[in-house]
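Printed here is input_35.cif (mmCIF, C-alpha atoms):
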```cif
data_input
#
loop_
_atom_site.group_PDB
_atom_site.id
_atom_site.type_symbol
_atom_site.label_atom_id
_atom_site.label_comp_id
_atom_site.auth_asym_id
_atom_site.auth_seq_id
_atom_site.Cartn_x
_atom_site.Cartn_y
_atom_site.Cartn_z
ATOM 1 C CA MET A 14 -4.346 -7.888 33.771
ATOM 2 C CA SER A 15 -6.002 -6.687 36.970
ATOM 3 C CA GLY A 16 -9.054 -5.614 34.955
ATOM 4 C CA LEU A 17 -9.306 -9.083 33.413
ATOM 5 C CA LEU A 18 -9.104 -10.731 36.830
ATOM 6 C CA LEU A 19 -11.779 -8.417 38.195
ATOM 7 C CA GLY A 20 -13.991 -9.218 35.209
ATOM 8 C CA LEU A 21 -13.560 -12.953 35.709
ATOM 9 C CA ALA A 22 -14.295 -12.627 39.417
ATOM 10 C CA TRP A 23 -17.437 -10.597 38.730
ATOM 11 C CA SER A 24 -18.600 -13.119 36.098
ATOM 12 C CA ARG A 25 -18.039 -16.044 38.474
ATOM 13 C CA ARG A 26 -19.882 -14.268 41.268
ATOM 14 C CA HIS A 27 -22.770 -13.457 38.925
ATOM 15 C CA ARG A 28 -23.050 -17.104 37.810
ATOM 16 C CA THR A 29 -22.998 -18.214 41.441
ATOM 17 C CA GLN A 30 -25.829 -15.826 42.289
ATOM 18 C CA ASP A 31 -27.828 -17.116 39.312
ATOM 19 C CA GLN A 32 -27.321 -20.704 40.445
ATOM 20 C CA ILE A 33 -28.442 -19.804 43.966
ATOM 21 C CA ARG A 34 -31.647 -18.246 42.598
ATOM 22 C CA VAL A 35 -32.315 -21.255 40.367
ATOM 23 C CA ARG A 36 -31.909 -23.632 43.320
ATOM 24 C CA ALA A 37 -34.155 -21.409 45.450
ATOM 25 C CA ALA A 38 -36.833 -21.392 42.730
ATOM 26 C CA LEU A 39 -36.671 -25.189 42.384
ATOM 27 C CA HIS A 40 -36.969 -25.549 46.147
ATOM 28 C CA ALA A 41 -40.064 -23.315 46.099
ATOM 29 C CA LEU A 42 -41.544 -25.335 43.220
ATOM 30 C CA LEU A 43 -41.034 -28.516 45.245
ATOM 31 C CA THR A 44 -43.488 -27.256 47.855
ATOM 32 C CA VAL A 45 -46.256 -27.550 45.221
ATOM 33 C CA ILE A 46 -45.232 -30.267 42.754
ATOM 34 C CA ALA A 47 -42.610 -32.967 42.681
ATOM 35 C CA PRO A 48 -41.112 -34.941 39.791
ATOM 36 C CA SER A 49 -42.044 -38.617 39.724
ATOM 37 C CA CYS A 50 -38.394 -39.557 39.266
ATOM 38 C CA SER A 51 -35.349 -38.105 40.991
ATOM 39 C CA LEU A 52 -34.659 -35.455 38.327
ATOM 40 C CA TRP A 53 -36.760 -32.562 37.099
ATOM 41 C CA PRO A 54 -37.745 -32.717 33.388
ATOM 42 C CA SER A 55 -35.715 -30.217 31.374
ATOM 43 C CA ARG A 56 -38.787 -28.086 30.587
ATOM 44 C CA TYR A 57 -39.215 -27.340 34.297
ATOM 45 C CA THR A 58 -35.577 -26.392 34.825
ATOM 46 C CA LYS A 59 -35.921 -24.112 31.811
ATOM 47 C CA LEU A 60 -38.996 -22.448 33.339
ATOM 48 C CA VAL A 61 -37.180 -22.007 36.629
ATOM 49 C CA LYS A 62 -34.123 -20.458 34.929
ATOM 50 C CA GLN A 63 -36.386 -18.001 33.133
ATOM 51 C CA ALA A 64 -38.083 -17.143 36.432
ATOM 52 C CA SER A 65 -34.747 -16.697 38.202
ATOM 53 C CA VAL A 66 -33.897 -13.665 36.046
ATOM 54 C CA SER A 67 -37.353 -12.163 36.501
ATOM 55 C CA PRO A 68 -37.606 -9.360 39.074
ATOM 56 C CA ASP A 69 -41.083 -10.441 40.258
ATOM 57 C CA ASN A 70 -39.974 -13.915 41.443
ATOM 58 C CA CYS A 71 -42.877 -15.548 39.602
ATOM 59 C CA ILE A 72 -42.795 -19.115 38.250
ATOM 60 C CA VAL A 73 -45.502 -19.522 35.594
ATOM 61 C CA LEU A 74 -46.552 -23.074 34.718
ATOM 62 C CA PRO A 75 -48.199 -23.310 31.256
ATOM 63 C CA LEU A 76 -51.618 -24.857 31.842
ATOM 64 C CA HIS A 77 -51.581 -27.434 29.042
ATOM 65 C CA MET A 78 -48.062 -28.666 29.813
ATOM 66 C CA PHE A 79 -48.709 -28.834 33.543
ATOM 67 C CA ILE A 80 -51.974 -30.786 33.274
ATOM 68 C CA GLN A 81 -50.588 -33.197 30.705
ATOM 69 C CA ASP A 82 -47.572 -33.899 32.897
ATOM 70 C CA VAL A 83 -49.819 -34.577 35.902
ATOM 71 C CA LEU A 84 -52.019 -36.914 33.849
ATOM 72 C CA ASP A 85 -48.977 -38.718 32.450
ATOM 73 C CA GLY A 86 -47.435 -39.106 35.900
ATOM 74 C CA VAL A 87 -44.398 -36.950 35.071
ATOM 75 C CA VAL A 88 -45.049 -34.683 38.063
ATOM 76 C CA GLU A 89 -47.353 -34.936 41.089
ATOM 77 C CA LEU A 90 -49.165 -32.286 43.084
ATOM 78 C CA ARG A 91 -48.346 -32.349 46.789
ATOM 79 C CA ASP A 92 -51.921 -31.533 47.841
ATOM 80 C CA PRO A 93 -54.200 -31.358 44.756
ATOM 81 C CA LEU A 94 -57.337 -30.142 46.546
ATOM 82 C CA LYS A 95 -55.445 -27.215 48.072
ATOM 83 C CA ASN A 96 -52.762 -26.565 45.439
ATOM 84 C CA LEU A 97 -55.146 -26.445 42.460
ATOM 85 C CA ALA A 98 -57.279 -23.806 44.181
ATOM 86 C CA ASP A 99 -54.225 -21.656 44.916
ATOM 87 C CA LEU A 100 -52.605 -22.156 41.507
ATOM 88 C CA THR A 101 -55.759 -21.154 39.616
ATOM 89 C CA HIS A 102 -56.503 -18.199 41.893
ATOM 90 C CA THR A 103 -53.668 -15.988 43.130
ATOM 91 C CA GLY A 104 -50.822 -18.482 43.012
ATOM 92 C CA VAL A 105 -48.886 -20.319 45.702
ATOM 93 C CA LYS A 106 -46.492 -18.250 47.829
ATOM 94 C CA ALA A 107 -43.407 -20.236 48.836
ATOM 95 C CA ASN A 108 -40.035 -18.988 50.079
ATOM 96 C CA GLY A 109 -40.429 -15.571 48.475
ATOM 97 C CA TRP A 110 -41.622 -16.989 45.137
ATOM 98 C CA ASN A 111 -45.067 -17.002 43.554
ATOM 99 C CA ILE A 112 -46.039 -20.139 41.598
ATOM 100 C CA CYS A 113 -49.064 -19.800 39.332
ATOM 101 C CA ILE A 114 -50.783 -21.203 36.247
ATOM 102 C CA GLY A 115 -50.497 -19.426 32.896
ATOM 103 C CA ILE A 116 -53.117 -19.865 30.168
ATOM 104 C CA ASP A 117 -51.011 -20.851 27.153
ATOM 105 C CA PRO A 118 -52.093 -20.790 23.467
ATOM 106 C CA ARG A 119 -52.655 -24.568 23.384
ATOM 107 C CA SER A 120 -55.222 -24.252 26.176
ATOM 108 C CA TRP A 121 -57.054 -21.497 24.303
ATOM 109 C CA VAL A 122 -57.166 -23.668 21.163
ATOM 110 C CA ASN A 123 -58.494 -26.672 23.110
ATOM 111 C CA THR A 124 -61.229 -24.552 24.691
ATOM 112 C CA LEU A 125 -62.332 -22.935 21.437
ATOM 113 C CA GLY A 126 -62.244 -26.292 19.634
ATOM 114 C CA PHE A 127 -64.422 -27.905 22.293
ATOM 115 C CA TYR A 128 -66.842 -24.984 22.396
ATOM 116 C CA PHE A 129 -67.458 -24.764 18.646
ATOM 117 C CA THR A 130 -67.620 -28.557 18.226
ATOM 118 C CA HIS A 131 -70.242 -28.677 20.988
ATOM 119 C CA LYS A 132 -72.303 -25.931 19.301
ATOM 120 C CA LEU A 133 -72.123 -27.620 15.887
ATOM 121 C CA ASP A 134 -72.981 -31.035 17.348
ATOM 122 C CA ARG A 135 -76.171 -29.588 18.841
ATOM 123 C CA VAL A 136 -77.243 -28.454 15.372
ATOM 124 C CA LEU A 137 -76.350 -31.801 13.765
ATOM 125 C CA ALA A 138 -78.132 -33.771 16.492
ATOM 126 C CA ALA A 139 -81.268 -31.645 16.077
ATOM 127 C CA PHE A 140 -81.483 -32.839 12.455
ATOM 128 C CA GLY A 141 -80.705 -36.437 13.413
ATOM 129 C CA TRP A 142 -77.313 -36.372 11.683
ATOM 130 C CA PRO A 143 -74.116 -37.978 13.070
ATOM 131 C CA THR A 144 -72.220 -35.580 15.313
ATOM 132 C CA LEU A 145 -68.593 -34.675 14.835
ATOM 133 C CA ARG A 146 -67.626 -36.332 18.123
ATOM 134 C CA SER A 147 -69.347 -39.619 17.311
ATOM 135 C CA VAL A 148 -67.723 -39.774 13.871
ATOM 136 C CA SER A 149 -64.239 -38.892 15.160
ATOM 137 C CA ALA A 150 -64.521 -41.463 17.964
ATOM 138 C CA ILE A 151 -65.481 -44.236 15.518
ATOM 139 C CA GLN A 152 -62.726 -43.250 13.083
ATOM 140 C CA SER A 153 -60.040 -43.149 15.794
ATOM 141 C CA LYS A 154 -61.073 -46.590 17.043
ATOM 142 C CA ALA A 155 -61.155 -47.979 13.515
ATOM 143 C CA VAL A 156 -57.618 -46.758 12.886
ATOM 144 C CA ALA A 157 -56.491 -48.361 16.136
ATOM 145 C CA LYS A 158 -58.455 -51.547 15.195
ATOM 146 C CA ILE A 159 -60.157 -51.753 18.585
ATOM 147 C CA PRO A 160 -63.889 -51.580 19.399
ATOM 148 C CA VAL A 161 -65.602 -48.379 20.475
ATOM 149 C CA LEU A 162 -65.656 -48.695 24.256
ATOM 150 C CA ARG A 163 -66.731 -45.208 25.304
ATOM 151 C CA SER A 164 -69.164 -45.640 28.169
ATOM 152 C CA SER A 165 -72.287 -43.572 28.763
ATOM 153 C CA CYS A 166 -71.511 -43.631 32.488
ATOM 154 C CA ASP A 167 -68.277 -43.007 34.349
ATOM 155 C CA PRO A 168 -67.819 -45.811 36.924
ATOM 156 C CA PHE A 169 -65.938 -43.456 39.241
ATOM 157 C CA ARG A 170 -68.991 -41.144 39.323
ATOM 158 C CA LEU A 171 -71.105 -44.010 40.642
ATOM 159 C CA LEU A 172 -69.274 -43.520 43.948
ATOM 160 C CA LEU A 173 -71.015 -40.162 44.394
ATOM 161 C CA TRP A 174 -74.131 -39.771 46.521
ATOM 162 C CA LEU A 175 -76.179 -38.383 43.631
ATOM 163 C CA SER A 176 -75.825 -41.559 41.578
ATOM 164 C CA SER A 177 -78.870 -43.859 41.510
ATOM 165 C CA ASP A 178 -81.210 -45.512 39.013
ATOM 166 C CA ALA A 179 -83.603 -42.550 39.245
ATOM 167 C CA ASN A 180 -80.845 -40.014 38.520
ATOM 168 C CA VAL A 181 -80.107 -38.755 35.029
ATOM 169 C CA ASN A 182 -76.841 -36.939 34.437
ATOM 170 C CA LEU A 183 -77.503 -34.374 31.725
ATOM 171 C CA ASP A 184 -73.775 -33.665 31.435
ATOM 172 C CA CYS A 185 -73.423 -36.838 29.367
ATOM 173 C CA GLN A 186 -76.961 -37.720 28.233
ATOM 174 C CA PRO A 187 -78.660 -36.047 25.247
ATOM 175 C CA MET A 188 -81.650 -33.954 26.245
ATOM 176 C CA SER A 189 -83.561 -35.391 23.276
ATOM 177 C CA ASP A 190 -83.870 -38.662 25.242
ATOM 178 C CA PHE A 191 -86.588 -37.061 27.377
ATOM 179 C CA LYS A 192 -89.018 -37.245 24.489
ATOM 180 C CA GLU A 193 -89.405 -40.914 25.485
ATOM 181 C CA MET A 194 -90.160 -40.110 29.143
ATOM 182 C CA LYS A 195 -93.155 -42.272 30.159
ATOM 183 C CA PRO A 196 -96.165 -41.083 32.201
ATOM 184 C CA GLY A 197 -95.781 -41.727 35.922
ATOM 185 C CA THR A 198 -92.001 -41.418 35.719
ATOM 186 C CA ARG A 199 -90.241 -39.412 38.442
ATOM 187 C CA LEU A 200 -86.624 -38.433 37.851
ATOM 188 C CA THR A 201 -83.811 -36.455 39.417
ATOM 189 C CA LEU A 202 -81.954 -34.483 36.758
ATOM 190 C CA GLU A 203 -78.447 -33.380 37.594
ATOM 191 C CA PHE A 204 -76.142 -31.251 35.485
ATOM 192 C CA THR A 205 -73.162 -28.908 35.615
ATOM 193 C CA SER A 206 -73.256 -25.340 34.355
ATOM 194 C CA LEU A 207 -70.727 -22.581 34.008
ATOM 195 C CA SER A 208 -71.096 -19.900 36.652
ATOM 196 C CA PRO A 209 -72.557 -16.520 35.601
ATOM 197 C CA VAL A 210 -69.259 -14.922 36.677
ATOM 198 C CA VAL A 211 -67.458 -16.793 33.869
ATOM 199 C CA ARG A 212 -67.098 -14.595 30.833
ATOM 200 C CA GLY A 213 -66.755 -16.085 27.364
ATOM 201 C CA TYR A 214 -63.207 -16.773 26.157
ATOM 202 C CA GLY A 215 -61.552 -15.316 29.262
ATOM 203 C CA ALA A 216 -59.077 -17.138 31.493
ATOM 204 C CA SER A 217 -61.911 -18.162 33.829
ATOM 205 C CA HIS A 218 -63.739 -19.707 30.859
ATOM 206 C CA VAL A 219 -60.699 -21.815 29.937
ATOM 207 C CA LEU A 220 -60.488 -23.119 33.505
ATOM 208 C CA ALA A 221 -64.244 -23.716 33.895
ATOM 209 C CA ILE A 222 -64.525 -25.699 30.664
ATOM 210 C CA LEU A 223 -61.465 -27.829 31.480
ATOM 211 C CA PRO A 224 -63.327 -30.824 33.051
ATOM 212 C CA PHE A 225 -65.363 -31.186 29.855
ATOM 213 C CA VAL A 226 -62.302 -30.838 27.604
ATOM 214 C CA LEU A 227 -60.505 -33.552 29.579
ATOM 215 C CA ALA A 228 -63.567 -35.818 29.380
ATOM 216 C CA SER A 229 -63.639 -35.393 25.601
ATOM 217 C CA ARG A 230 -60.038 -36.636 25.432
ATOM 218 C CA ASP A 231 -60.818 -39.766 27.472
ATOM 219 C CA PRO A 232 -61.601 -42.560 24.942
ATOM 220 C CA LEU A 233 -63.350 -44.719 27.562
ATOM 221 C CA GLY A 234 -65.366 -42.305 29.673
ATOM 222 C CA PRO A 235 -68.555 -40.473 28.673
ATOM 223 C CA LEU A 236 -68.533 -37.211 26.751
ATOM 224 C CA ARG A 237 -69.601 -34.344 29.004
ATOM 225 C CA HIS A 238 -71.066 -30.958 28.131
ATOM 226 C CA PRO A 239 -71.962 -27.994 30.349
ATOM 227 C CA ARG A 240 -75.652 -27.140 30.415
ATOM 228 C CA LYS A 241 -77.586 -23.937 31.044
ATOM 229 C CA LEU A 242 -80.251 -23.843 33.737
ATOM 230 C CA THR A 243 -82.535 -21.631 31.651
ATOM 231 C CA ARG A 244 -82.322 -23.967 28.667
ATOM 232 C CA ILE A 245 -83.079 -27.044 30.796
ATOM 233 C CA LEU A 246 -86.153 -25.345 32.271
ATOM 234 C CA GLU A 247 -87.309 -24.294 28.797
ATOM 235 C CA MET A 248 -86.948 -27.892 27.611
ATOM 236 C CA LEU A 249 -89.007 -29.198 30.531
ATOM 237 C CA THR A 250 -91.868 -26.800 29.695
ATOM 238 C CA ASP A 251 -91.870 -27.880 26.042
ATOM 239 C CA LYS A 252 -95.386 -29.191 25.275
ATOM 240 C CA ARG A 253 -93.926 -31.915 23.044
ATOM 241 C CA LEU A 254 -92.677 -33.627 26.217
ATOM 242 C CA GLY A 255 -96.184 -33.844 27.605
ATOM 243 C CA ASP A 256 -97.288 -32.801 31.070
ATOM 244 C CA VAL A 257 -93.958 -32.542 32.923
ATOM 245 C CA VAL A 258 -94.068 -31.164 36.472
ATOM 246 C CA VAL A 259 -90.991 -29.502 37.993
ATOM 247 C CA HIS A 260 -91.072 -30.152 41.753
ATOM 248 C CA SER A 261 -87.837 -28.428 42.791
ATOM 249 C CA VAL A 262 -84.720 -26.728 41.467
ATOM 250 C CA LYS A 263 -81.690 -26.730 43.756
ATOM 251 C CA ASN A 264 -78.137 -25.456 43.529
ATOM 252 C CA VAL A 265 -76.144 -28.211 45.263
ATOM 253 C CA SER A 266 -72.658 -26.910 44.424
ATOM 254 C CA THR A 267 -71.411 -26.772 48.017
ATOM 255 C CA VAL A 268 -72.669 -30.237 48.907
ATOM 256 C CA TYR A 269 -71.391 -31.710 45.639
ATOM 257 C CA GLN A 270 -67.962 -30.127 46.105
ATOM 258 C CA LYS A 271 -67.652 -31.827 49.468
ATOM 259 C CA GLU A 272 -68.796 -35.104 47.948
ATOM 260 C CA LEU A 273 -66.157 -34.888 45.208
ATOM 261 C CA ALA A 274 -63.501 -34.187 47.839
ATOM 262 C CA ARG A 275 -64.716 -37.192 49.849
ATOM 263 C CA VAL A 276 -64.464 -39.530 46.860
ATOM 264 C CA TYR A 277 -61.059 -38.079 45.979
ATOM 265 C CA GLU A 278 -59.783 -38.827 49.479
ATOM 266 C CA ARG A 279 -61.195 -42.331 49.343
ATOM 267 C CA ILE A 280 -59.620 -43.353 46.031
ATOM 268 C CA SER A 281 -56.345 -41.713 47.111
ATOM 269 C CA GLU A 282 -55.964 -42.743 50.760
ATOM 270 C CA ASP A 283 -57.915 -45.999 51.171
ATOM 271 C CA ASP A 284 -55.234 -48.596 50.352
ATOM 272 C CA GLU A 285 -57.565 -51.534 49.730
ATOM 273 C CA PHE A 286 -60.021 -49.491 47.689
ATOM 274 C CA ARG A 287 -57.226 -47.902 45.657
ATOM 275 C CA LYS A 288 -55.744 -51.325 44.919
ATOM 276 C CA MET A 289 -59.136 -52.559 43.718
ATOM 277 C CA LEU A 290 -59.523 -49.568 41.375
ATOM 278 C CA LEU A 291 -56.001 -49.961 40.028
ATOM 279 C CA ASN A 292 -56.629 -53.634 39.261
ATOM 280 C CA ALA A 293 -59.943 -52.837 37.599
ATOM 281 C CA PHE A 294 -59.047 -49.726 35.582
ATOM 282 C CA GLY A 295 -55.257 -49.414 35.532
ATOM 283 C CA VAL A 296 -52.998 -46.747 36.952
ATOM 284 C CA GLN A 297 -53.459 -44.277 34.087
ATOM 285 C CA ARG A 298 -57.252 -44.133 34.333
ATOM 286 C CA TRP A 299 -57.069 -44.004 38.131
ATOM 287 C CA ARG A 300 -54.628 -41.079 37.928
ATOM 288 C CA HIS A 301 -56.823 -39.244 35.397
ATOM 289 C CA GLN A 302 -59.955 -39.682 37.476
ATOM 290 C CA LYS A 303 -58.221 -38.618 40.663
ATOM 291 C CA PHE A 304 -57.051 -35.387 39.033
ATOM 292 C CA GLN A 305 -60.454 -34.678 37.485
ATOM 293 C CA LEU A 306 -62.204 -35.137 40.832
ATOM 294 C CA ALA A 307 -59.791 -32.686 42.477
ATOM 295 C CA LEU A 308 -60.113 -30.234 39.570
ATOM 296 C CA GLU A 309 -63.916 -30.243 39.575
ATOM 297 C CA ALA A 310 -64.042 -29.871 43.362
ATOM 298 C CA THR A 311 -61.691 -26.887 43.049
ATOM 299 C CA LEU A 312 -63.753 -25.195 40.326
ATOM 300 C CA LEU A 313 -66.926 -25.635 42.393
ATOM 301 C CA ARG A 314 -65.267 -24.167 45.472
ATOM 302 C CA GLU A 315 -63.926 -21.236 43.460
ATOM 303 C CA GLY A 316 -67.403 -20.582 42.018
ATOM 304 C CA LEU A 317 -66.449 -21.119 38.366
ATOM 305 C CA ILE A 318 -68.917 -23.972 37.815
ATOM 306 C CA GLU A 319 -72.207 -24.896 39.493
ATOM 307 C CA LYS A 320 -74.034 -28.154 40.155
ATOM 308 C CA TRP A 321 -77.831 -28.239 39.807
ATOM 309 C CA VAL A 322 -80.473 -30.832 40.677
ATOM 310 C CA ILE A 323 -84.042 -30.715 39.345
ATOM 311 C CA GLU A 324 -86.806 -33.058 40.542
ATOM 312 C CA VAL A 325 -89.374 -33.750 37.805
ATOM 313 C CA SER A 326 -92.226 -36.116 37.089
ATOM 314 C CA LYS A 327 -94.511 -36.791 34.122
ATOM 315 C CA GLN A 328 -98.230 -36.929 34.756
#
```
Rewritten as structure tokens:
Amino acid sequence: MSGLLLGLAWSRRHRTQDQIRVRAALHALLTVIAPSCSLWPSRYTKLVKQASVSPDNCIVLPLHMFIQDVLDGVVELRDPLKNLADLTHTGVKANGWNICIGIDPRSWVNTLGFYFTHKLDRVLAAFGWPTLRSVSAIQSKAVAKIPVLRSSCDPFRLLLWLSSDANVNLDCQPMSDFKEMKPGTRLTLEFTSLSPVVRGYGASHVLAILPFVLASRDPLGPLRHPRKLTRILEMLTDKRLGDVVVHSVKNVSTVYQKELARVYERISEDDEFRKMLLNAFGVQRWRHQKFQLALEATLLREGLIEKWVIEVSKQ
């Protein structure tokens, strides 16, 4: 009998200790993200329970689940510009716990799917054939019985200092369009590239390609693709374009990162401006754009992507 009582007492004490660790882990998680309603979704309590029995006190948030929940408004980051940098780097230290992002299989699949679709679309476009993305977009809209509304320009990006009539964003404009560049034209070409430190199919590659993957899933915004500086320069020296003069090539990553952070703060903190955007685009699109601005600013600051500006003219 005494052995049974001791066993019950030990079991109760063990459960109490587990509950204390679970509550401590949830409290640490609250320093980074918070549920939009009063209760945590069950998938987060499950993650925390798994972490509570781990000896390294590490809470790993699966990347795909975490981002989707932020975009859907299920959870919110306390300080996106700061938290995203910490989560994607070494993790956030809070109350003896380490909270970090884990690259899950779904994220790998999304990255590989985007990468190979982009490569195949370049081949199809070179032959003048319909690309996979254009066909899938038309089919998805036809099924939904709504018109194709994907814009060639993101209205939120027009808030950035680089945006003007003389600017061409190569992230979302086909490079073949420059065959129609008229003599006397002077343009500022801007584009985003993956940093040389990003290795193919590694964790850094999944993170760096994320802004373009998210853009591809937005049915209203423009499709975006990363470019390579060397390939852009090769294109500009192509004799079929005529006499194109390259006046300057600048890496503006630092300046652009600050500009993204400025726009993020404005659409987040300026009450009147935020209300105007919500009325014009709706809360879901506003939330998506806010996250993407913070994400891109983070990736620029961490050196995973780069922003380039090239000044050109045609004689």
**OP:** Can you pull out every residue within 12 Å of stretch 282-289 of chain A, counting only C-alpha atoms, but drop anything in the same chain fewer than 2 positions away, and send it as a ChimeraX atom specification?
**Re:** /A:169,172,274-280,291-296,298-300,302-303
**OP:** For A:Trp53, please output as a list in words all residues within 12 Å (counting all atoms listed in the file; exclusion window: fewer than 4 positions along the same chain).
**Re:**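 The residues satisfying every condition are Arg36, Leu39, His40, Leu42, Leu43, Ile46, Ala47, Pro48, Ser49, Tyr57, Thr58, Lys59, Leu60, Val61, Asp82, Val87, Val88 and Glu89 of chain A.
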**OP:** Rank nothing, just name the residue among A:Thr44, A:Asn182, A:Gln297, A:Gln63 nearest to A:Asp92, using all atoms listed in the file.
**Re:** A:Thr44
**OP:** Taking the file as shown, find all residues satisfying the PyMOL selection byres ((chain A and resi 241) around 9) and write them as number ranges by chain.
**Re:** A: 204-207, 239-240, 242-246
**OP:** Using all atoms listed in the file, pick whichever of A:Thr130, A:Ser261, A:Asn111, A:Ser55 has the shortest atom-to-atom distance to A:Trp321.
**Re:**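 The closest residue to A:Trp321 is A:Ser261.
Taken over the shown file, the PyMOL selection byres ((chain A and resi 223) around 9) identifies Ser120, Asn123, Thr124, His218, Val219, Leu220, Ala221, Ile222, Pro224, Phe225, Val226, Leu227, Ala228, Leu308 and Glu309 of chain A.
Distances to A:Ile116 were evaluated for A:Met248, A:Val262, A:Ile80, A:Leu306 using all atoms listed in the file, and the minimum falls at A:Ile80.
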**OP:** Quick one: pull the distance between atom CA of A:Ile318 and atom CA of A:Asp117, Å, one decimal.
**Re:**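 Result for atom CA of A:Ile318 versus atom CA of A:Asp117: 21.1 Å, one decimal.
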**OP:** May I have the protein, DNA and RNA residues with any atom at most 9 Å from the point (-91.1, -38.9, 41.2), counting only C-alpha atoms, written as number ranges by chain?
**Re:** A: 179, 197-201, 260, 324-327
Subject >> Using all atoms listed in the file: which of A:Asp256, A:Glu319, A:Asp231, A:Asp31 has the shortest distance to A:Pro209 >> reply: A:Glu319
Subject >> 7 Å contact set for A:Leu183, all atoms listed in the file, chain neighbours under 2 positions out, as a ChimeraX atom specification >> reply: /A:181,185-188,202-204
Original post:
Nearest to A:Val122: which of A:Val265, A:Thr103, A:His77, A:Val211 is it, counting only C-alpha atoms?
Top reply: A:His77
